[in-house]
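Here's data34.txt, which has compact mmCIF, C-alpha atoms and all ligand atoms:
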```
# COMPACT_ATOMS: atom_id res chain seq x y z
CA MET P 174 -18.44 4.01 28.97
CA ILE P 175 -18.68 0.44 27.87
CA GLN P 176 -18.10 -2.01 30.72
CA SER P 177 -16.29 -5.22 29.99
CA ALA P 178 -18.32 -7.08 32.63
CA ASP P 179 -21.36 -7.58 30.42
CA THR P 180 -19.65 -8.75 27.24
CA ARG P 181 -20.25 -12.02 25.44
CA ALA P 182 -18.46 -13.86 22.68
CA LEU P 183 -19.67 -13.07 19.16
CA SER P 184 -19.97 -16.82 18.59
CA THR P 185 -22.83 -17.03 21.11
CA LEU P 186 -25.23 -14.88 19.06
CA ASN P 187 -28.35 -16.47 17.61
CA ALA P 188 -29.54 -15.67 14.10
CA GLY P 189 -31.34 -12.33 14.17
CA GLU P 190 -29.48 -11.00 17.22
CA SER P 191 -27.49 -7.78 16.98
CA CYS P 192 -24.53 -6.52 18.98
CA TRP P 193 -21.77 -3.95 19.21
CA VAL P 194 -18.15 -5.01 19.01
CA ALA P 195 -16.39 -4.47 22.35
CA ALA P 196 -12.96 -6.03 21.83
CA ILE P 197 -11.14 -8.11 19.26
CA GLU P 198 -9.02 -10.59 21.17
CA LEU P 199 -7.13 -11.89 18.16
CA ASN P 200 -3.61 -11.30 16.91
CA GLY P 201 -1.63 -11.11 13.72
CA LEU P 202 -3.11 -11.48 10.27
CA LEU P 203 -6.50 -12.69 11.42
CA ARG P 204 -6.89 -9.58 13.54
CA ARG P 205 -5.85 -7.50 10.51
CA ARG P 206 -8.47 -9.22 8.30
CA ILE P 207 -11.20 -8.60 10.84
CA LEU P 208 -10.25 -4.91 11.15
CA ASP P 209 -10.06 -4.57 7.36
CA MET P 210 -13.63 -5.81 7.11
CA GLY P 211 -14.58 -2.80 9.18
CA MET P 212 -15.17 -4.78 12.37
CA VAL P 213 -13.67 -2.44 14.94
CA PRO P 214 -14.75 -1.71 18.53
CA GLY P 215 -18.09 0.08 18.38
CA THR P 216 -19.21 -1.47 15.08
CA ALA P 217 -22.75 -2.88 14.87
CA VAL P 218 -22.82 -6.57 13.89
CA GLU P 219 -25.83 -8.81 13.26
CA CYS P 220 -25.80 -12.59 13.22
CA VAL P 221 -27.67 -13.51 10.05
CA ARG P 222 -27.27 -17.25 9.84
CA ARG P 223 -25.82 -20.21 11.70
CA SER P 224 -25.08 -23.43 9.90
CA PRO P 225 -26.55 -26.54 11.56
CA ALA P 226 -23.16 -27.49 12.99
CA GLY P 227 -22.66 -23.92 14.17
CA ASP P 228 -19.57 -23.41 12.05
CA PRO P 229 -19.05 -21.12 10.21
CA ILE P 230 -21.39 -18.31 11.26
CA ALA P 231 -22.59 -15.54 8.93
CA PHE P 232 -22.58 -11.94 10.17
CA LYS P 233 -23.66 -8.67 8.64
CA VAL P 234 -21.12 -5.89 9.07
CA ARG P 235 -21.48 -2.47 7.42
CA ASP P 236 -23.83 -3.81 4.74
CA SER P 237 -21.69 -6.82 3.83
CA ILE P 238 -22.16 -10.43 4.89
CA ILE P 239 -19.07 -12.20 6.18
CA ALA P 240 -18.52 -15.72 7.46
CA LEU P 241 -16.37 -16.38 10.52
CA ARG P 242 -15.20 -19.62 12.03
CA HIS P 243 -16.75 -20.38 15.40
CA ASP P 244 -13.31 -20.39 17.06
CA ASP P 245 -12.43 -16.98 15.66
CA ALA P 246 -15.83 -15.49 16.54
CA SER P 247 -15.40 -16.73 20.10
CA ASN P 248 -12.42 -14.38 20.46
CA ILE P 249 -14.44 -11.33 19.50
CA LYS P 250 -16.24 -9.83 22.51
CA VAL P 251 -19.49 -7.96 22.04
CA HIS P 252 -22.31 -6.14 23.86
CA ILE P 253 -25.84 -7.17 23.04
CA ALA P 254 -27.55 -4.29 21.26
CA ASN P 255 -30.89 -4.26 23.13
CA LYS P 256 -29.12 -3.43 26.39
CA PHE P 257 -28.50 0.10 25.10
CA MET R 107 10.02 16.59 -11.78
CA ASN R 108 9.30 12.93 -11.58
CA SER R 109 11.42 10.41 -9.83
CA THR R 110 12.64 8.48 -12.87
CA SER R 111 16.32 8.55 -12.04
CA GLU R 112 18.33 5.78 -13.68
CA SER R 113 18.42 3.49 -10.64
CA HIS R 114 14.72 4.03 -10.02
CA GLN R 115 14.05 3.14 -13.68
CA GLN R 116 16.06 -0.05 -13.28
CA MET R 117 14.24 -0.95 -10.09
CA LEU R 118 10.81 -0.41 -11.72
CA SER R 119 11.76 -2.62 -14.60
CA ARG R 120 13.43 -5.35 -12.54
CA HIS R 121 10.92 -5.67 -9.70
CA PHE R 122 7.71 -4.56 -11.39
CA GLY R 123 8.15 -5.06 -15.14
CA ILE R 124 7.41 -1.38 -15.71
CA THR R 125 9.45 0.78 -18.07
CA PRO R 126 8.19 4.35 -18.20
CA ALA R 127 9.57 6.62 -20.90
CA ALA R 128 11.77 9.52 -19.83
CA ASN R 129 9.65 12.30 -18.30
CA GLN R 130 6.59 10.08 -18.22
CA PHE R 131 4.65 10.18 -14.95
CA VAL R 132 3.68 6.87 -13.36
CA VAL R 133 0.18 6.66 -11.81
CA ALA R 134 -0.88 3.61 -9.77
CA LEU R 135 -4.58 2.77 -9.61
CA ALA R 136 -5.66 1.19 -6.33
CA GLY R 137 -9.07 0.37 -4.86
CA ASN R 138 -11.34 -2.28 -3.37
CA PRO R 139 -12.54 -5.03 -5.76
CA ASN R 140 -15.24 -4.00 -8.22
CA VAL R 141 -15.17 -0.23 -7.64
CA GLY R 142 -14.47 0.56 -11.31
CA LYS R 143 -10.65 0.75 -11.42
CA SER R 144 -10.48 -0.96 -14.81
CA THR R 145 -13.32 1.20 -16.09
CA VAL R 146 -11.38 4.33 -15.08
CA PHE R 147 -8.26 2.78 -16.58
CA ASN R 148 -9.98 1.97 -19.89
CA ALA R 149 -11.69 5.33 -20.10
CA LEU R 150 -8.38 7.14 -19.63
CA THR R 151 -6.13 4.95 -21.77
CA GLY R 152 -8.48 3.69 -24.49
CA LEU R 153 -6.58 1.24 -26.68
CA ARG R 154 -3.15 2.39 -25.57
CA GLN R 155 -2.71 -0.46 -23.10
CA HIS R 156 -1.27 -3.90 -22.70
CA THR R 157 -1.70 -6.61 -20.11
CA GLY R 158 0.60 -9.22 -18.68
CA ASN R 159 1.54 -10.53 -15.25
CA TRP R 160 3.45 -9.01 -12.36
CA PRO R 161 6.98 -10.47 -12.42
CA GLY R 162 6.96 -13.89 -10.77
CA LYS R 163 3.24 -13.67 -9.83
CA THR R 164 0.06 -14.97 -11.41
CA VAL R 165 -1.62 -11.63 -10.84
CA ASP R 166 -2.72 -9.57 -13.88
CA ASN R 167 -0.85 -6.40 -14.60
CA ALA R 168 -2.39 -3.85 -16.98
CA GLN R 169 -0.47 -0.79 -18.10
CA GLY R 170 -1.66 1.96 -20.39
CA THR R 171 -0.80 5.51 -21.36
CA PHE R 172 -2.62 8.78 -21.82
CA THR R 173 -1.54 12.33 -22.54
CA TYR R 174 -2.85 15.42 -20.82
CA GLN R 175 -1.57 18.91 -21.69
CA ASP R 176 1.32 17.38 -23.65
CA GLN R 177 2.38 15.42 -20.57
CA SER R 178 2.50 11.65 -20.92
CA PHE R 179 1.28 9.37 -18.11
CA LEU R 180 1.78 5.65 -17.59
CA LEU R 181 -1.19 4.20 -15.71
CA VAL R 182 -0.75 0.93 -13.80
CA ASP R 183 -3.93 -0.94 -12.76
CA LEU R 184 -3.36 -2.67 -9.39
CA PRO R 185 -5.36 -5.69 -8.20
CA GLY R 186 -8.52 -4.87 -6.23
CA THR R 187 -7.95 -5.20 -2.46
CA TYR R 188 -9.69 -4.19 0.77
CA SER R 189 -6.36 -3.65 2.48
CA ILE R 190 -2.67 -3.68 1.74
CA LEU R 191 -1.64 -5.09 5.10
CA ALA R 192 -2.97 -8.61 5.22
CA HIS R 193 -0.66 -10.27 2.71
CA SER R 194 -2.66 -12.05 0.05
CA VAL R 195 -0.60 -12.07 -3.17
CA GLU R 196 -2.81 -9.28 -4.54
CA GLU R 197 -2.27 -7.15 -1.45
CA GLN R 198 1.47 -7.66 -1.60
CA VAL R 199 1.56 -6.61 -5.24
CA ALA R 200 -0.42 -3.45 -4.46
CA ARG R 201 1.59 -2.62 -1.34
CA ASP R 202 4.97 -3.24 -2.94
CA PHE R 203 4.20 -1.13 -5.98
CA ILE R 204 2.84 1.82 -3.99
CA CYS R 205 5.61 1.55 -1.42
CA PHE R 206 8.74 0.57 -3.36
CA GLY R 207 7.70 1.41 -6.94
CA ARG R 208 7.08 4.96 -5.71
CA PRO R 209 4.64 6.03 -8.44
CA ASP R 210 4.40 9.78 -9.03
CA VAL R 211 0.75 9.60 -7.99
CA THR R 212 -1.40 6.87 -6.45
CA LEU R 213 -5.03 7.16 -7.49
CA VAL R 214 -7.35 5.45 -5.00
CA VAL R 215 -10.76 4.66 -6.49
CA LEU R 216 -13.65 4.42 -4.01
CA ASP R 217 -17.25 3.22 -4.38
CA ALA R 218 -19.54 6.17 -3.59
CA THR R 219 -22.23 3.75 -2.36
CA CYS R 220 -20.07 2.23 0.40
CA LEU R 221 -17.51 4.84 1.34
CA GLU R 222 -17.09 3.67 4.92
CA ARG R 223 -15.58 0.34 3.97
CA ASN R 224 -13.65 1.78 1.02
CA LEU R 225 -11.93 4.50 3.06
CA ASN R 226 -9.91 1.88 4.95
CA LEU R 227 -7.68 1.43 1.91
CA ALA R 228 -7.43 5.18 1.26
CA LEU R 229 -6.25 5.74 4.85
CA GLN R 230 -3.68 2.97 4.53
CA VAL R 231 -2.28 4.47 1.32
CA MET R 232 -2.21 7.93 2.93
CA GLU R 233 0.23 6.56 5.50
CA ILE R 234 2.63 5.44 2.77
CA THR R 235 2.66 8.41 0.43
CA PRO R 236 1.40 12.00 0.28
CA ASN R 237 1.16 11.82 -3.51
CA ILE R 238 -2.38 10.61 -3.61
CA VAL R 239 -5.62 11.50 -5.37
CA VAL R 240 -8.95 10.00 -4.33
CA CYS R 241 -11.61 9.28 -6.93
CA VAL R 242 -15.15 8.70 -5.66
CA ASN R 243 -16.60 6.59 -8.46
CA LEU R 244 -20.08 5.18 -9.11
CA MET R 245 -21.59 8.59 -8.36
CA ASP R 246 -24.51 7.70 -10.67
CA GLU R 247 -25.27 4.63 -8.53
CA ALA R 248 -25.07 6.75 -5.39
CA ARG R 249 -27.56 9.25 -6.84
CA LYS R 250 -29.94 6.39 -7.65
CA LYS R 251 -29.76 5.24 -4.04
CA ASN R 252 -30.20 8.79 -2.78
CA ILE R 253 -26.73 8.83 -1.26
CA GLN R 254 -25.16 12.26 -1.26
CA VAL R 255 -21.39 12.57 -1.02
CA ASP R 256 -19.97 15.86 0.22
CA ILE R 257 -16.79 15.91 -1.86
CA LYS R 258 -15.44 19.15 -0.36
CA ALA R 259 -15.90 17.88 3.20
CA LEU R 260 -14.21 14.59 2.33
CA GLU R 261 -11.32 16.51 0.84
CA GLN R 262 -10.93 18.50 4.04
CA GLU R 263 -11.23 15.48 6.31
CA LEU R 264 -8.60 13.54 4.34
CA GLY R 265 -6.33 16.42 3.34
CA VAL R 266 -6.03 15.08 -0.23
CA PRO R 267 -7.73 16.03 -3.52
CA VAL R 268 -11.01 14.19 -4.16
CA VAL R 269 -12.73 13.95 -7.55
CA ALA R 270 -16.26 12.60 -8.13
CA THR R 271 -16.71 10.36 -11.19
CA ALA R 272 -19.09 8.01 -12.94
CA ALA R 273 -16.45 6.32 -15.05
CA ARG R 274 -18.81 4.20 -17.15
CA SER R 275 -20.37 7.34 -18.57
CA HIS R 276 -17.06 9.27 -18.55
CA GLU R 277 -18.39 11.76 -16.01
CA GLY R 278 -15.66 13.64 -14.12
CA LEU R 279 -12.74 12.17 -16.05
CA GLU R 280 -11.54 15.53 -17.40
CA GLU R 281 -11.27 16.88 -13.89
CA LEU R 282 -9.59 13.68 -12.76
CA GLN R 283 -6.89 14.11 -15.41
CA ALA R 284 -6.42 17.74 -14.44
CA VAL R 285 -5.95 16.85 -10.76
CA LEU R 286 -3.58 13.94 -11.55
CA TYR R 287 -1.55 16.37 -13.65
CA GLN R 288 -1.38 18.95 -10.86
CA VAL R 289 -0.31 16.41 -8.24
CA ALA R 290 2.22 14.69 -10.54
CA LYS R 291 3.76 18.09 -11.34
CA ARG R 292 3.75 18.90 -7.62
CA ASN R 293 1.79 22.09 -8.33
CA LEU R 294 -0.71 20.67 -5.89
CA GLN R 295 0.72 19.03 -2.77
CA PRO R 296 -1.72 16.88 -0.82
CA ARG R 297 -1.33 16.95 2.96
CA PRO R 298 -2.86 13.67 4.10
CA LYS R 299 -4.17 13.87 7.65
CA ARG R 300 -2.14 11.64 9.91
CA LEU R 301 -3.87 8.95 11.92
CA VAL R 302 -2.90 9.38 15.55
CA TYR R 303 -2.58 6.16 17.53
CA SER R 304 -2.68 5.55 21.27
CA PRO R 305 -0.04 7.39 23.37
CA GLU R 306 1.84 4.11 23.89
CA VAL R 307 2.08 3.44 20.17
CA GLU R 308 3.00 7.06 19.40
CA ALA R 309 5.79 6.95 21.99
CA ALA R 310 7.15 3.73 20.52
CA VAL R 311 7.05 5.24 17.01
CA GLU R 312 9.00 8.29 18.25
CA GLN R 313 11.64 6.01 19.70
CA LEU R 314 12.06 4.06 16.49
CA LEU R 315 12.16 6.98 14.07
CA PRO R 316 15.84 8.01 14.33
CA LYS R 317 17.04 4.44 13.78
CA ILE R 318 14.64 3.86 10.94
CA ASN R 319 15.68 7.09 9.27
CA ARG R 320 19.25 5.88 9.33
CA LEU R 321 18.33 2.54 7.76
CA ILE R 322 15.93 3.58 5.02
CA ASP R 323 17.56 6.83 3.96
CA HIS R 324 14.36 8.71 2.87
CA LYS R 325 13.33 5.92 0.54
CA LEU R 326 10.16 5.17 2.50
CA ASP R 327 7.94 7.00 4.95
CA PRO R 328 9.73 6.34 8.28
CA ARG R 329 6.56 6.58 10.36
CA TRP R 330 4.90 3.93 8.23
CA VAL R 331 7.91 1.63 8.55
CA ALA R 332 7.85 2.12 12.34
CA LEU R 333 4.18 1.17 12.48
CA ARG R 334 4.82 -1.99 10.46
CA LEU R 335 7.69 -2.97 12.76
CA LEU R 336 5.47 -2.44 15.80
CA ASP R 337 2.84 -4.56 14.07
CA GLY R 338 5.43 -7.35 13.91
CA ASP R 339 4.86 -7.46 10.15
CA GLN R 340 7.53 -10.03 9.20
CA ASN R 341 6.39 -10.17 5.60
CA PHE R 342 7.05 -6.45 5.27
CA ILE R 343 10.44 -6.69 6.99
CA ASP R 344 11.47 -9.41 4.52
CA THR R 345 10.21 -7.39 1.56
CA ILE R 346 11.86 -4.17 2.67
CA SER R 347 15.22 -5.92 2.83
CA VAL R 348 14.88 -7.19 -0.73
CA HIS R 349 13.93 -3.80 -2.10
CA LEU R 350 16.33 -1.65 -0.13
CA GLU R 351 19.03 -4.33 -0.12
CA LEU R 352 19.19 -4.50 3.65
CA ASN R 353 19.64 -7.45 5.91
CA PRO R 354 16.34 -8.32 7.64
CA LEU R 355 18.22 -9.14 10.85
CA GLN R 356 19.79 -5.71 10.73
CA ILE R 357 16.34 -4.11 10.63
CA THR R 358 14.98 -6.10 13.52
CA LYS R 359 18.15 -5.55 15.53
CA GLU R 360 18.27 -1.81 14.93
CA ALA R 361 14.63 -1.59 15.88
CA ALA R 362 15.20 -3.58 19.04
CA VAL R 363 18.08 -1.43 20.33
N1 LIG Z 1 -23.07 2.63 -12.91
C1 LIG Z 1 -21.75 2.62 -12.95
N2 LIG Z 1 -21.12 1.46 -13.15
C2 LIG Z 1 -19.77 1.47 -13.18
C3 LIG Z 1 -19.03 2.65 -12.99
N3 LIG Z 1 -17.71 2.33 -13.04
C4 LIG Z 1 -17.65 1.01 -13.26
N4 LIG Z 1 -18.88 0.49 -13.33
C5 LIG Z 1 -19.24 -0.93 -13.51
O1 LIG Z 1 -18.82 -1.65 -12.36
C6 LIG Z 1 -18.37 -2.97 -12.69
C7 LIG Z 1 -16.95 -3.20 -12.17
O2 LIG Z 1 -16.07 -2.34 -12.86
P1 LIG Z 1 -14.52 -2.67 -13.04
O3 LIG Z 1 -13.94 -1.50 -13.75
O4 LIG Z 1 -14.33 -3.99 -13.64
O5 LIG Z 1 -14.07 -2.70 -11.52
P2 LIG Z 1 -12.60 -3.03 -10.94
O6 LIG Z 1 -12.40 -2.13 -9.78
O7 LIG Z 1 -11.59 -2.99 -12.02
O8 LIG Z 1 -12.82 -4.52 -10.44
P3 LIG Z 1 -11.66 -5.57 -10.03
O9 LIG Z 1 -10.51 -5.39 -10.97
O10 LIG Z 1 -12.35 -6.89 -10.18
O11 LIG Z 1 -11.31 -5.27 -8.62
C8 LIG Z 1 -18.48 -3.04 -14.22
O12 LIG Z 1 -19.70 -3.68 -14.53
C9 LIG Z 1 -18.50 -1.60 -14.65
O13 LIG Z 1 -19.18 -1.40 -15.87
C10 LIG Z 1 -19.73 3.87 -12.76
O14 LIG Z 1 -19.18 4.94 -12.55
N5 LIG Z 1 -21.09 3.79 -12.75
MG MG Z 2 -10.15 -4.43 -12.64
```
With the file now loaded, output its structure as structure tokens.
Ligand SMILES: Nc1nc2c(ncn2[C@@H]2O[C@H](COP(=O)(O)OP(=O)(O)OP(=O)(O)O)[C@@H](O)[C@H]2O)c(=O)[nH]1
Ligand SMILES: [Mg+2]
Amino acid sequence: MIQSADTRALSTLNAGESCWVAAIELNGLLRRRILDMGMVPGTAVECVRRSPAGDPIAFKVRDSIIALRHDDASNIKVHIANKF
Amino acid sequence: MNSTSESHQQMLSRHFGITPAANQFVVALAGNPNVGKSTVFNALTGLRQHTGNWPGKTVDNAQGTFTYQDQSFLLVDLPGTYSILAHSVEEQVARDFICFGRPDVTLVVLDATCLERNLNLALQVMEITPNIVVCVNLMDEARKKNIQVDIKALEQELGVPVVATAARSHEGLEELQAVLYQVAKRNLQPRPKRLVYSPEVEAAVEQLLPKINRLIDHKLDPRWVALRLLDGDQNFIDTISVHLELNPLQITKEAAV
């Protein structure tokens, strides 16, 4: 089972790092949007680019690239892929 | 037969600007952006189509007709969306038509090269209506990329008819028409597999069902309405009251009892 102890915020990933989604700690329509993009617990996500200011951040999810605001990405908890 | 009773006809015309002829089946075309909905639409309807806007919205509305085995169909092309739950204008148009327009069949077009993402919408539609046909389009592109789609397995997993097409080259469109005909006539009754949620959610749905049944009087799928209420989907609660002429407070209150 996945332990919540070793999770990090999605917003902390560097470009090139991969992770698995652990929990989406967002509500309402934003949560819905994230789920509709196929980002559900267990999904593999890669950080592909960070803008110089760190906002927004580009991620690759199920073969599509999506951009998330830093604040929103900080509410998505992930496991770093190379730990598995 | 189809559901074109007089009041349903009036509702289609008033809320959706759609006026099917008597005995004409209405088919809604849904799908993610760029999966080939309009290509399917054009291939089936040819020049028998006209475009306008959805009433009160700046979203394109294309309607066209085709005839199969002497049965006339009115095809309605919905805007391309990834979901029908997140409330962009396009998503609301698609949701409201599938939900309140109650087409005889909803055809969900999927991109064979990225099924995983596309199936989200198909699953959402399956919660609203059992009268659904899935079309896996862009099969030629999938072949080029060496992607194989097991149509029979998909059909079993979903519990609804699935047809493979390459609409640009008219591949599979005959079969698609045949399946639409069978489902519209109710000779073929899809049994969409139900998504089962966590025990807590399922228990809450159970609790809501009797009250919802009383309110909506078989006009909508009660389980789907319960899930939207539990989602706190205020936009849907407001819309449902317009379409079913209910008081939104009444819905929330009944649900809260
Ligand atoms: N190779 C191939 N291309 C297709 C097929 N179906 C559609 N296309 C092409 O895919 C592109 C998008 O098709 P549309 O029919 O406009 O897609 P749509 O779903 O209506 O798009 P939106 O309305 O923008 O959501 C067009 O360039 C079509 O020619 C197909 O089966 N095979
Ligand atoms: Mg189109």
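Atom CA of Gly137 of chain R is found 21.7 Å from atom CA of Val331 of chain R.
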query: Within 8 Å of segment 228-238 of chain P, counting all atoms listed in the file, which residues qualify if same-chain residues fewer than 6 places away don't, as a ChimeraX atom specification?
result: /P:184,210-212,216-222 /R:222-223
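All residues, whether protein, DNA or RNA, that have an atom at most 10 Å from ligand MG 2 (chain Z) (counting all atoms listed in the file) are Leu135, Ala136, Gly137, Asn138, Pro139, Asn140, Val141, Gly142, Lys143, Ser144, Thr145, Val146, Phe147, Asn148, Asp166, Asn167, Ala168, Asp183, Leu184, Pro185 and Gly186 of chain R.
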- request: Could you give me, as a ChimeraX atom specification, the residues within 10 Å of Val307 of chain R, counting only C-alpha atoms and dropping anything in the same chain fewer than 4 positions from it?
  value: /R:302-303,311-313,332-333,336
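For the choices P:Pro225, P:Gly189, P:Gly215, P:Gly201, the atom-to-atom distance to chain R is smallest for P:Gly201 when using all atoms listed in the file.
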query: Taking into account only C-alpha atoms, which residue in the set P:Ser224, P:Thr180, P:Asn200, P:Ser247 is nearest to chain R?
result: P:Asn200
Please check which residues have atoms at most 12 Å from (6.4, 9.4, 3.8) in the file's coordinates, counting all atoms listed in the file, and write them as a PDB file with C-alpha atoms, in the frame of the given file.
```pdb
ATOM      1  CA  ILE R 204       2.840   1.820  -3.990  1.00  0.00           C
ATOM      2  CA  CYS R 205       5.610   1.550  -1.420  1.00  0.00           C
ATOM      3  CA  PHE R 206       8.740   0.570  -3.360  1.00  0.00           C
ATOM      4  CA  ARG R 208       7.080   4.960  -5.710  1.00  0.00           C
ATOM      5  CA  GLN R 230      -3.680   2.970   4.530  1.00  0.00           C
ATOM      6  CA  VAL R 231      -2.280   4.470   1.320  1.00  0.00           C
ATOM      7  CA  MET R 232      -2.210   7.930   2.930  1.00  0.00           C
ATOM      8  CA  GLU R 233       0.230   6.560   5.500  1.00  0.00           C
ATOM      9  CA  ILE R 234       2.630   5.440   2.770  1.00  0.00           C
ATOM     10  CA  THR R 235       2.660   8.410   0.430  1.00  0.00           C
ATOM     11  CA  PRO R 236       1.400  12.000   0.280  1.00  0.00           C
ATOM     12  CA  ASN R 237       1.160  11.820  -3.510  1.00  0.00           C
ATOM     13  CA  ILE R 238      -2.380  10.610  -3.610  1.00  0.00           C
ATOM     14  CA  PRO R 296      -1.720  16.880  -0.820  1.00  0.00           C
ATOM     15  CA  ARG R 297      -1.330  16.950   2.960  1.00  0.00           C
ATOM     16  CA  PRO R 298      -2.860  13.670   4.100  1.00  0.00           C
ATOM     17  CA  ARG R 300      -2.140  11.640   9.910  1.00  0.00           C
ATOM     18  CA  ASN R 319      15.680   7.090   9.270  1.00  0.00           C
ATOM     19  CA  ILE R 322      15.930   3.580   5.020  1.00  0.00           C
ATOM     20  CA  ASP R 323      17.560   6.830   3.960  1.00  0.00           C
ATOM     21  CA  HIS R 324      14.360   8.710   2.870  1.00  0.00           C
ATOM     22  CA  LYS R 325      13.330   5.920   0.540  1.00  0.00           C
ATOM     23  CA  LEU R 326      10.160   5.170   2.500  1.00  0.00           C
ATOM     24  CA  ASP R 327       7.940   7.000   4.950  1.00  0.00           C
ATOM     25  CA  PRO R 328       9.730   6.340   8.280  1.00  0.00           C
ATOM     26  CA  ARG R 329       6.560   6.580  10.360  1.00  0.00           C
ATOM     27  CA  TRP R 330       4.900   3.930   8.230  1.00  0.00           C
ATOM     28  CA  VAL R 331       7.910   1.630   8.550  1.00  0.00           C
ATOM     29  CA  ALA R 332       7.850   2.120  12.340  1.00  0.00           C
TER      30      ALA R 332
END
```
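Nearest-residue note for Arg274 of chain R: choosing from R:Ile253, R:Leu286, R:Ile343, R:Met245, the minimum distance belongs to R:Met245, counting all atoms listed in the file.
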Would you pull segment 230-235 of chain P out of the block just shown and save all heavy atoms as a PDB file, in the first residue's frame?
```pdb
ATOM      1  N   ILE P 230       3.401  25.550 -14.131  1.00  0.00           N
ATOM      2  CA  ILE P 230       4.307  24.421 -14.338  1.00  0.00           C
ATOM      3  C   ILE P 230       3.650  23.470 -15.336  1.00  0.00           C
ATOM      4  O   ILE P 230       2.442  23.231 -15.261  1.00  0.00           O
ATOM      5  CB  ILE P 230       4.567  23.674 -13.007  1.00  0.00           C
ATOM      6  CG1 ILE P 230       4.859  24.677 -11.882  1.00  0.00           C
ATOM      7  CG2 ILE P 230       5.705  22.672 -13.159  1.00  0.00           C
ATOM      8  CD1 ILE P 230       4.913  24.040 -10.500  1.00  0.00           C
ATOM      9  N   ALA P 231       4.466  22.952 -16.279  1.00  0.00           N
ATOM     10  CA  ALA P 231       3.916  22.048 -17.299  1.00  0.00           C
ATOM     11  C   ALA P 231       4.166  20.596 -16.906  1.00  0.00           C
ATOM     12  O   ALA P 231       5.270  20.221 -16.512  1.00  0.00           O
ATOM     13  CB  ALA P 231       4.541  22.346 -18.649  1.00  0.00           C
ATOM     14  N   PHE P 232       3.099  19.794 -16.987  1.00  0.00           N
ATOM     15  CA  PHE P 232       3.195  18.370 -16.647  1.00  0.00           C
ATOM     16  C   PHE P 232       2.699  17.522 -17.807  1.00  0.00           C
ATOM     17  O   PHE P 232       1.825  17.941 -18.561  1.00  0.00           O
ATOM     18  CB  PHE P 232       2.334  18.050 -15.411  1.00  0.00           C
ATOM     19  CG  PHE P 232       2.766  18.785 -14.180  1.00  0.00           C
ATOM     20  CD1 PHE P 232       2.110  19.944 -13.789  1.00  0.00           C
ATOM     21  CD2 PHE P 232       3.827  18.312 -13.415  1.00  0.00           C
ATOM     22  CE1 PHE P 232       2.497  20.629 -12.639  1.00  0.00           C
ATOM     23  CE2 PHE P 232       4.222  18.999 -12.269  1.00  0.00           C
ATOM     24  CZ  PHE P 232       3.558  20.155 -11.875  1.00  0.00           C
ATOM     25  N   LYS P 233       3.259  16.324 -17.897  1.00  0.00           N
ATOM     26  CA  LYS P 233       2.780  15.375 -18.899  1.00  0.00           C
ATOM     27  C   LYS P 233       1.943  14.318 -18.185  1.00  0.00           C
ATOM     28  O   LYS P 233       2.407  13.667 -17.254  1.00  0.00           O
ATOM     29  CB  LYS P 233       3.972  14.725 -19.603  1.00  0.00           C
ATOM     30  CG  LYS P 233       3.555  13.870 -20.769  1.00  0.00           C
ATOM     31  CD  LYS P 233       4.793  13.449 -21.561  1.00  0.00           C
ATOM     32  CE  LYS P 233       4.386  12.497 -22.662  1.00  0.00           C
ATOM     33  NZ  LYS P 233       5.556  11.942 -23.349  1.00  0.00           N
ATOM     34  N   VAL P 234       0.694  14.202 -18.620  1.00  0.00           N
ATOM     35  CA  VAL P 234      -0.247  13.247 -18.036  1.00  0.00           C
ATOM     36  C   VAL P 234      -0.897  12.455 -19.162  1.00  0.00           C
ATOM     37  O   VAL P 234      -1.524  13.044 -20.043  1.00  0.00           O
ATOM     38  CB  VAL P 234      -1.381  13.982 -17.280  1.00  0.00           C
ATOM     39  CG1 VAL P 234      -2.298  12.990 -16.584  1.00  0.00           C
ATOM     40  CG2 VAL P 234      -0.831  14.974 -16.290  1.00  0.00           C
ATOM     41  N   ARG P 235      -0.759  11.152 -19.149  1.00  0.00           N
ATOM     42  CA  ARG P 235      -1.399  10.317 -20.182  1.00  0.00           C
ATOM     43  C   ARG P 235      -1.193  10.876 -21.576  1.00  0.00           C
ATOM     44  O   ARG P 235      -2.153  11.094 -22.330  1.00  0.00           O
ATOM     45  CB  ARG P 235      -2.914  10.194 -19.910  1.00  0.00           C
ATOM     46  CG  ARG P 235      -3.221   9.495 -18.598  1.00  0.00           C
ATOM     47  CD  ARG P 235      -4.715   9.368 -18.398  1.00  0.00           C
ATOM     48  NE  ARG P 235      -5.030   9.123 -17.004  1.00  0.00           N
ATOM     49  CZ  ARG P 235      -5.167   7.908 -16.477  1.00  0.00           C
ATOM     50  NH1 ARG P 235      -5.015   6.841 -17.228  1.00  0.00           N
ATOM     51  NH2 ARG P 235      -5.450   7.768 -15.201  1.00  0.00           N
TER      52      ARG P 235
END
```
